[in-house]
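*Asks:* Please see the structure below; I have some questions.
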Number of protein chains: 2
Amino acid sequence: MEETKKKKCVVRFEPSGLKIEVPTGTVLLEAANKVGIYLSSICGGDGYCGKCKVVIDQGQFQSKPTALLTPNEMRENVVLACQTKVLSDMTVTVPKSHTLETSQILMDADADRFSELAGEVESGVFKFDPLVQKLYLEMVPPTVQDHTADHERLYLAIRERIDAPVMQTGFRILQKLSRVLASCGYKVTVTVGRRGETTEVIEVEAGDHSDRNFAVAVDLGTTTVVAHLVDLTKATTIDTEATYNSQINFGEDYIRRIIYAEENSAFDEMQNRIVGDVNNLIVTLATRQRIDLQDITTVVCAGNTAMVHFLLNLDPTRIRREPYIASANFIPPIRAAEAGIQINKRGLLYCLPSVAAYVGSDIVAGVLTTRIYTRKGISLFADIGTNGEVVVGNRDWLVCASSSAGPAFEGSGVKHGMRAGAGAIEKLSILGDGSIEFKTIGGTRPVGICGSGLLDTLAELFRNGIIDRTGRFNPAPIELPSSSGARNFGDRRCRADNWCGARLTEGEDGLQFRLVEGGDGHQEIVITQADIDNLVRSKAGVFAAIRVLMESTQTRTKDLEGVYLAGGFGNFLNVAHAVTIGMLPDVPLEKIHFVGNTSIAGAKTVLLSRKARKTAERIAQSMTYFDLMSHPGYMDEFIRANFLPHTDLSLFPSV
Amino acid sequence: MEETKKKKCVVRFEPSGLKIEVPTGTVLLEAANKVGIYLSSICGGDGYCGKCKVVIDQGQFQSKPTALLTPNEMRENVVLACQTKVLSDMTVTVPKSHTLETSQILMDADADRFSELAGEVESGVFKFDPLVQKLYLEMVPPTVQDHTADHERLYLAIRERIDAPVMQTGFRILQKLSRVLASCGYKVTVTVGRRGETTEVIEVEAGDHSDRNFAVAVDLGTTTVVAHLVDLTKATTIDTEATYNSQINFGEDYIRRIIYAEENSAFDEMQNRIVGDVNNLIVTLATRQRIDLQDITTVVCAGNTAMVHFLLNLDPTRIRREPYIASANFIPPIRAAEAGIQINKRGLLYCLPSVAAYVGSDIVAGVLTTRIYTRKGISLFADIGTNGEVVVGNRDWLVCASSSAGPAFEGSGVKHGMRAGAGAIEKLSILGDGSIEFKTIGGTRPVGICGSGLLDTLAELFRNGIIDRTGRFNPAPIELPSSSGARNFGDRRCRADNWCGARLTEGEDGLQFRLVEGGDGHQEIVITQADIDNLVRSKAGVFAAIRVLMESTQTRTKDLEGVYLAGGFGNFLNVAHAVTIGMLPDVPLEKIHFVGNTSIAGAKTVLLSRKARKTAERIAQSMTYFDLMSHPGYMDEFIRANFLPHTDLSLFPSV
């Protein structure tokens, strides 16, 4: 009782050892937030997602009752951090599932490993003409005979090198211009940035510094933020880094975060978090490559509309609320410092344009990267992430939509689901003898399943008849055959229809199928009926969106000349499985391409080419957005797609 | 002796009563500067112009020896403030000649009284399209069916009203945009500014405020700063105000001020002074008209190149030094706040473009105002101020030059010279009976002679044979005729050739001619031989510049279809006299027009019309500048012009 009278309590988090002093009565999730520990939370602290489980090792606490903890967990002092108040000094263990190291994130450093995407800029698809460039100019100094003023002399020299009909100079540069020019005999490095139709003189320095000009392309993901450091003088990527989006404590999806920010007046905090993440990535890259932050002159971001709004602290509230609009889809290049991005203090920040509240610049980047806007034939582009966005079109028209069927393929809402990072099962097959073969990212012990692994799992369970067309585990109790390859019979009840029986058990959440046996200090990995339901809903959402777009544009499956699947699935996506489960239309496999993180690839292309930037703007402007929530046919299509592969089997002749 | 040991001394200036505490040993001119008292100073404190005379009423001081004070002055404790150190508390009287009230400045409120200049904008010569305008927009709010983002919706609405192909929005506006739009049902006042080819959304406010939009046009003179307050909603001038340029303590001409700033690292101080003057004018106008400073959205300035550089704190040092160039002739519209101008904090400041170091935007404004750039026939434009700038040209070509022959017609270097302000003799004639008729500005007692009065004086002295063609007083001693109208014979020596004898006397500086008798508490006004020499040099400089331009372009006097004389001469300039003394070419009088302050008129036109701004930029760009200092023919022309009216009388058949 003595402890509870203290006004301040120290909470220590293991295994990090981070400590924080908080007032008695503070909610544990807040304490974690404050000390910078990211606990998963889908509901944003409302106590119904059950993701923020931690273990109280020591100390007094008070938890609200919840149905989300098993009796076992309660015995082991597992609590929901968002429902637990700190009453004394305490030690808390944060399960490993929360605290994935950033080194585990798949950074897609090789996003351009797909041959058709590589070298867009170098190969001349887009002319190399970066957003910000440094020009070394050796000007002829003025004489009594040649008395052009310094400012105009500079413009003339710049225009000899680049196309810049409309130019502008910052006031501070104008003020120092003559001094700098005179100091070095008119031999200067001038940094010029493209701001819309205007070319701005961003910096003027004495001497030649044109060999040091760097930029960072950023994919602003809801869960992860990925950055590529680019040498603008050579148009090459020299390093990559990634981190978790530290807004994640405020909700796993951006709608939750908008609600949280609105209810807690936390828009500044939201901006600080994502800007902090971007700055951390930039500093990490710069430090590792021994680059002065002043030599980084550009940041180009692509991301969903809400993340761009958070980054710039634009009002995102009507993204989630009627009439479901963005504050701005098109954002001019601004000074990076205005948004708090720590590069050259006069450097530029450009966010690719969005199409609508639910189709962001990451999708525009995807269209740009896959070049479907240049083809005569019709293509389909689908980006499966926290949401599933879909684009159909060709060089004449583009339509798009977003399905809000949930981020199951990102591992969310799936018991052992995880992002594509070290230890994630990214490839899985069920062999003829019932044994399961899998491959993890990094070749380490499995700790969960990422998108590509989940796709494989769903397809393999379906192909082997372990789940039926409705996605249900086959409930008929069947004796195990003696020749089964499954050798573990420890489960209490067994209803499997053949060799899988030993793997199909009744878990705490109902039926579950064991993919990896636990023991030896590493965890058992299962897939539950609820997981499968989530995955099916997710794929149904994507497919229904595709159907609405195709129906609306009278596109038949056979009209599709290319199908592009983007997202953080992992490196080894079996595209055939995306057809097997009915997520993608049943086209010949050679037409399907997994294109990885096209958001960062597109951001990088725009960074390197003014033409690409204009193209991105044209794409965003010309795409027609379908609001599925108000579309009369969507719900029917969604219900019809809630089967494996589909209610209408004629759509999937090959399955 | 006790007094001199004090470390601090209090200096009190009369008649203002202003006091300041300074360290013992401070130069009196600095003390005056600090307390904001403007003493005339041409040399900038070097002790050789003799303009900064003050009277020490009480207290100890130490003065350097000087030949610029008469024994009488020394007896009366007159000192040069720049050569005098403060050694004790003291009281100093500042002669009235220094402390002209600003109400005496001719503000040229009626600069558009010249019929051909009036209503440039209203009459449709230039379309009314102000630099900054407020548009009240009633937009249709977004719906689920019409989900255009707020930013793009705003652009669409603006483009329905004005031509704005390239638009830009400030980041802070973008951040608040959605909140403002939602707060008022999408009925907003948007302030848009033209920045080069880009139209910027400067402000967005809920509701209709489009009836409150004001601007200030400024003529940045070396000696005076004139401001006109304009109602942008009606394109009318509603008030005018003027003040002395408070840089004046640092030198009467801008070359002196550049030297002073360089030697004393006083560029910031120079900027503070002129910005302070502009701010004072703006505040005075706003207060008098009960206008909120936030409703002033634009300031447009015209002035010589050096003054614009001082205003913006651009490097002016090479204006006075080889290669005699400006830091910038073209300056994009900037945010006024960036230069310290206190209007709407997002309002714009635009300085008209200059042509060269010695041909500033005031001259461009003059060409714009007189419209000589539109005429098929050749015109001549001359602006006589601190310098004398000259333009010759037509709609196909324009050439210009600046003569540095000194500001005699502004009253500088002339014993009783003064600017065109209250009490200045602005009109003078010598009648047949030898009496002198004159008119002062404001009808008050005469305190000096302004430009138009000096022109009259010179012409009348010459016409009446009191000075000869070399500008010398006729030295032959002649007896006074008994019938002379001159009734004052008090002078010691008399050499006049007729009735003027009594007026022509030997003063302290040699021969001088009395224009106004002193006595009854008001001062005697004379013109000295040195004054006349200065005036002749000044007119010779202007005429030589005109000759160089005409010779270079093979323009004959008879080719000139219009001659425009600008400057702060006063309201009643007798243009015939400008020909009589040989300042302007000998063209029929009906071709000569006195056009007053075309600098402020041009600034105002540019303020009101985007087309006019573009025209001004085209004028500045296309004008060919002749550097007279390096021009082989200039010195010959100057020497030839140092006669009345000229060495070559064939150039002046009518005189």
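Labels used: A, B, ... for chains in the order of the structure tokens, numbers from 1 for residues in each chain, and numbers from 1 for ligands as shown.
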If we count only C-alpha atoms, which residues of chain A reach to within 8 Å of chain B? Please list them as a ChimeraX atom specification.
*Replies:* /A:142-144,147-152,166,168-169,171,174-179,196-198,312-315,322-330,332,334,338,356,627,630
*Asks:* DSSP on the backbone: what in region 432-575 of chain A comes out strand (DSSP E), as a list in words?
*Replies:*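 Filtering region 432-575 of chain A to strand (DSSP E) leaves Ile436, Glu437, Phe438, Lys439, Thr440, Gly448, Ile449, Leu504, Thr505, Glu506, Gly507, Gly510, Leu511, Gln512, Phe513, Arg514, Leu515, Val516, Ile525, Val526, Ile527, Thr528, Leu560, Glu561, Gly562, Val563, Tyr564, Leu565 and Ala566 of chain A.
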*Asks:* Tell me which protein, DNA and RNA residues are within 9 Å of Glu637 (chain A), counting only C-alpha atoms, leaving out same-chain ones fewer than 3 positions away, and put them as a list in words.
*Replies:*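 What passes the distance filter is Ala540, Gly541, Phe543, Ala544, Ala545, Arg547, Val548, Gly633, Tyr634, Arg640, Ala641 and Asn642 of chain A.
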*Asks:* Which residue gives the smallest distance to Lys345 (chain A) among A:Tyr358, A:Ile202, A:Gly421, A:Thr240, with only C-alpha atoms counted?
*Replies:* A:Ile202
*Asks:* So how many Å separate CA of Val655 (chain A) and CA of Ala408 (chain A), to one decimal?
*Replies:*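 For CA of Val655 (chain A) relative to CA of Ala408 (chain A), the distance reads 22.6 Å.
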*Asks:* Apply DSSP to the structure's backbone, then extract all residues of region 60-259 of chain B labelled helix (DSSP H, G or I) and return them as a PyMOL selection string.
*Replies:* chain B and resi 71-75+81-83+102-104+111-113+150-161+171-183+246-250+254-259
*Asks:* Which residue, A:Ala530, A:Val192, A:Ala459, A:Val140, has the smallest gap to Ala164 (chain A) when you use only C-alpha atoms?
*Replies:* A:Val192
*Asks:* Could you name the residues that touch region 82-98 of chain A at 6 Å or less, counting only C-alpha atoms, but leaving out those on the same chain fewer than 5 positions away, as a PyMOL selection string?
*Replies:* chain A and resi 3-4+9-14+24-29+39-40+45+54-64
*Asks:* Would you pick out the contacts of Asp533 (chain A) at 12 Å or less, using only C-alpha atoms, so that residues sharing its chain but fewer than 3 positions from it are not included, and give the list as a list in words?
*Replies:*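 Non-adjacent residues within range: Ala405, Gly406, Ala408, Phe409, Gly413, Val414, Lys415, Leu458, Ile467, Asp468, Arg469, Thr470, Gly471, Arg472, Phe473, Leu511, Gln512, Ile527, Thr528, Gln529, Ala530, Val536, Arg537, Ser538, Lys539, Ala540, Asn642, Phe643 and Leu644 of chain A.
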*Asks:* Find the distance between CA of Phe572 (chain B) and CA of Ile378 (chain B) and write it in Å to one decimal.
*Replies:*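 One can read the CA of Phe572 (chain B) to CA of Ile378 (chain B) distance as 25.6 Å.
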*Asks:* Would you kindly return, as a list in words, each protein, DNA or RNA residue with an atom no farther than 9 Å from any atom of Leu589 (chain B), considering only C-alpha atoms and excluding same-chain residues fewer than 5 positions away?
*Replies:*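 My reading of the contact set: Val575, Ala576 and Val579 of chain B.
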*Asks:* Work out how far CA of Glu460 (chain B) is from CA of Glu437 (chain B), in Å to one decimal.
*Replies:* 11.3 Å
*Asks:* Residues within 9 Å of Ala420 (chain A), please, as a list of chain:residue names. Count only C-alpha atoms; anything in the same chain fewer than 5 positions from it doesn't count.
*Replies:* A:Gln104, A:Ile105, A:Leu106, A:Glu410, A:Gly411, A:Ile425, A:Glu426, A:Ile441, A:Ile449, A:Cys450, A:Gly451, A:Ser452, A:Gly568, A:Phe569, A:Gly570, A:Asn571
*Asks:* For the residues in the current selection, export N, CA, C and O atoms as an mmCIF file, in the first residue's frame.
*Replies:*
```cif
data_model
loop_
_atom_site.group_PDB
_atom_site.id
_atom_site.type_symbol
_atom_site.label_atom_id
_atom_site.label_comp_id
_atom_site.auth_asym_id
_atom_site.auth_seq_id
_atom_site.Cartn_x
_atom_site.Cartn_y
_atom_site.Cartn_z
ATOM 1 N N GLN A 104 14.779 -5.859 -39.580
ATOM 2 C CA GLN A 104 13.992 -6.956 -40.135
ATOM 3 C C GLN A 104 13.065 -6.500 -41.258
ATOM 4 O O GLN A 104 12.484 -7.307 -41.954
ATOM 5 N N ILE A 105 12.905 -5.182 -41.389
ATOM 6 C CA ILE A 105 11.986 -4.728 -42.434
ATOM 7 C C ILE A 105 12.591 -4.969 -43.804
ATOM 8 O O ILE A 105 13.771 -4.719 -44.032
ATOM 9 N N LEU A 106 11.748 -5.448 -44.686
ATOM 10 C CA LEU A 106 12.204 -5.626 -46.066
ATOM 11 C C LEU A 106 12.238 -4.256 -46.725
ATOM 12 O O LEU A 106 11.216 -3.616 -46.909
ATOM 13 N N GLU A 410 -0.866 -7.971 -44.869
ATOM 14 C CA GLU A 410 0.276 -7.355 -44.183
ATOM 15 C C GLU A 410 0.478 -8.005 -42.821
ATOM 16 O O GLU A 410 1.294 -7.566 -42.035
ATOM 17 N N GLY A 411 -0.323 -9.036 -42.543
ATOM 18 C CA GLY A 411 -0.131 -9.773 -41.304
ATOM 19 C C GLY A 411 -1.038 -9.310 -40.179
ATOM 20 O O GLY A 411 -1.086 -9.912 -39.105
ATOM 21 N N ILE A 425 7.929 -16.284 -42.700
ATOM 22 C CA ILE A 425 7.764 -17.323 -43.721
ATOM 23 C C ILE A 425 7.256 -16.626 -44.982
ATOM 24 O O ILE A 425 6.171 -16.046 -44.980
ATOM 25 N N GLU A 426 8.056 -16.682 -46.023
ATOM 26 C CA GLU A 426 7.652 -15.963 -47.234
ATOM 27 C C GLU A 426 7.262 -16.924 -48.342
ATOM 28 O O GLU A 426 6.776 -16.509 -49.394
ATOM 29 N N ILE A 441 12.484 -15.332 -44.508
ATOM 30 C CA ILE A 441 13.346 -14.219 -44.928
ATOM 31 C C ILE A 441 14.569 -14.200 -44.023
ATOM 32 O O ILE A 441 14.452 -14.291 -42.795
ATOM 33 N N ILE A 449 4.382 -15.204 -40.376
ATOM 34 C CA ILE A 449 4.156 -15.403 -41.809
ATOM 35 C C ILE A 449 3.880 -14.034 -42.436
ATOM 36 O O ILE A 449 3.045 -13.275 -41.935
ATOM 37 N N CYS A 450 4.572 -13.757 -43.513
ATOM 38 C CA CYS A 450 4.306 -12.498 -44.203
ATOM 39 C C CYS A 450 3.361 -12.728 -45.371
ATOM 40 O O CYS A 450 2.907 -13.856 -45.613
ATOM 41 N N GLY A 451 3.074 -11.705 -46.115
ATOM 42 C CA GLY A 451 2.061 -11.729 -47.167
ATOM 43 C C GLY A 451 2.190 -12.877 -48.149
ATOM 44 O O GLY A 451 1.221 -13.604 -48.408
ATOM 45 N N SER A 452 3.389 -13.047 -48.702
ATOM 46 C CA SER A 452 3.546 -14.090 -49.711
ATOM 47 C C SER A 452 3.321 -15.471 -49.075
ATOM 48 O O SER A 452 2.741 -16.364 -49.695
ATOM 49 N N GLY A 568 4.148 -5.127 -50.077
ATOM 50 C CA GLY A 568 5.291 -5.629 -49.331
ATOM 51 C C GLY A 568 5.178 -7.104 -49.016
ATOM 52 O O GLY A 568 5.435 -7.525 -47.899
ATOM 53 N N PHE A 569 4.781 -7.890 -50.033
ATOM 54 C CA PHE A 569 4.543 -9.314 -49.782
ATOM 55 C C PHE A 569 5.803 -10.061 -49.374
ATOM 56 O O PHE A 569 5.764 -10.993 -48.604
ATOM 57 N N GLY A 570 6.939 -9.653 -49.913
ATOM 58 C CA GLY A 570 8.180 -10.403 -49.719
ATOM 59 C C GLY A 570 8.817 -10.577 -51.085
ATOM 60 O O GLY A 570 8.321 -10.056 -52.086
ATOM 61 N N ASN A 571 9.927 -11.320 -51.094
ATOM 62 C CA ASN A 571 10.661 -11.417 -52.356
ATOM 63 C C ASN A 571 10.134 -12.485 -53.297
ATOM 64 O O ASN A 571 10.374 -12.440 -54.490
#
```
